[in-house]
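Asks: After the structure tokens below, expect a handful of questions from me.
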Amino acid sequence: MSSKVNLVSNLATLFACSYLVLFFSTGLAFLAEVLPWVTLFLCLTLSVSGFVMSLWAFSKGENGFKLSQNLLTATVCFVLVVFTGFVFFMSEGGFSPLIGTI
């Protein structure tokens, strides 16, 4: 496995993990109250770029462990993309969505 594929694979995993750390540390909640559009862009950038990079690394991978890591990262990033859309555009429990649609 080339070092470029390994770097992209690890970077995709880092993007997914950084999204989850920001979410569970309530950093995203604070940022979403102050700047919801910036938070949406940050969340989509981390999750979509992690998804694309992990799919690219999956297609180039040779090692069984890296293939499973890339597949797991792609699945987690896809769930994060769907979750981001749900959080920012759907109302829940009487609360209005963070970003209202026109």
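Ligands are numbered from 1 in the order shown, residues from 1 within each chain, and chains are lettered A, B, ... in the order they appear in the structure tokens.
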Give me, as a PyMOL selection string, the residues of chain A that a backbone DSSP run labels helix (DSSP H, G or I).

Replies: chain A and resi 3-24+27-34+36-60+64-89

Asks: Which residues of range 1-46 of chain A sit at most 12 Å from range 91-101 of chain A, using only C-alpha atoms? Give each one's shortest atom pair and distance in Å (one decimal place), in chain and ascending residue order, as CSV.

Replies:
residue,atom,partner,partner_atom,distance
A:Ala29,CA,A:Leu98,CA,10.4
A:Leu31,CA,A:Leu98,CA,11.3
A:Ala32,CA,A:Leu98,CA,7.5
A:Glu33,CA,A:Leu98,CA,7.9
A:Val34,CA,A:Leu98,CA,10.4
A:Leu35,CA,A:Leu98,CA,9.8
A:Pro36,CA,A:Leu98,CA,6.6
A:Trp37,CA,A:Ile99,CA,7.5
A:Val38,CA,A:Ile99,CA,11.0
A:Thr39,CA,A:Leu98,CA,10.2
A:Leu40,CA,A:Ile99,CA,8.9
A:Phe41,CA,A:Ile99,CA,11.8

Asks: Please report the interatomic distance between CA of Leu28 in chain A and CA of Thr84 in chain A in Å with one decimal.

Replies: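 These atoms are spaced 11.0 Å apart.
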
Asks: Which residue out of A:Gln69, A:Cys77, A:Asn63, A:Ala57 has the minimum interatomic distance to Ser18 in chain A when only C-alpha atoms are used?

Replies: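 Distance minimum relative to Ser18 in chain A lands on A:Cys77.
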
Asks: Can you tell me, as a VMD selection string, what residues are no more than 12 Å from Phe83 in chain A when counting only C-alpha atoms, ignoring any on the same chain fewer than 4 positions away?

Replies: chain A and resid 19 to 20 23 40 43 to 44 47 to 48 76 to 79 87 to 90

Asks: Generate a file of the selected residues that holds C-alpha atoms, formatted as an mmCIF file, in the first residue's frame.

Replies:
data_model
loop_
_atom_site.group_PDB
_atom_site.id
_atom_site.type_symbol
_atom_site.label_atom_id
_atom_site.label_comp_id
_atom_site.auth_asym_id
_atom_site.auth_seq_id
_atom_site.Cartn_x
_atom_site.Cartn_y
_atom_site.Cartn_z
ATOM 1 C CA TYR A 19 -16.456 15.747 13.916
ATOM 2 C CA LEU A 20 -17.433 13.327 16.682
ATOM 3 C CA PHE A 23 -20.110 17.021 18.704
ATOM 4 C CA LEU A 40 -23.168 23.698 8.843
ATOM 5 C CA CYS A 43 -19.844 19.790 9.586
ATOM 6 C CA LEU A 44 -20.495 19.132 5.904
ATOM 7 C CA SER A 47 -18.130 14.585 6.839
ATOM 8 C CA VAL A 48 -18.264 14.819 3.029
ATOM 9 C CA VAL A 76 -19.640 6.637 9.637
ATOM 10 C CA CYS A 77 -19.140 9.681 7.403
ATOM 11 C CA PHE A 78 -22.312 8.893 5.457
ATOM 12 C CA VAL A 79 -24.252 8.675 8.723
ATOM 13 C CA VAL A 87 -29.911 18.502 12.908
ATOM 14 C CA PHE A 88 -29.780 21.675 10.861
ATOM 15 C CA PHE A 89 -32.908 21.431 8.704
ATOM 16 C CA MET A 90 -35.509 19.454 10.691
#

Asks: Which is closer to Gly27 in chain A than all the others in A:Val5, A:Thr13, A:Leu42, A:Trp56, using only C-alpha atoms?

Replies: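 The answer is A:Leu42, which sits nearest to Gly27 in chain A.
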
Asks: Within 10 Å of Asn70 in chain A, counting only C-alpha atoms, which residues qualify if same-chain residues fewer than 5 places away don't, as a PyMOL selection string?

Replies: chain A and resi 8-10+12-13+50-51+53-59+61+64-65+75-76

Asks: To one decimal place in Å, what is the distance between CA of Leu80 in chain A and CA of Leu46 in chain A?

Replies: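 Pair CA of Leu80 in chain A / CA of Leu46 in chain A returns 9.1 Å.
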
Asks: Tell me, in Å to one decimal, how far CA of Ser2 in chain A is from CA of Ser68 in chain A.

Replies: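 Between CA of Ser2 in chain A and CA of Ser68 in chain A the gap is 16.6 Å.
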
Asks: Taking only C-alpha atoms into account, which of A:Gly85, A:Thr73, A:Lys4, A:Leu67 comes nearest Cys17 in chain A?

Replies: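 Closest residue, counting only C-alpha atoms: A:Thr73.
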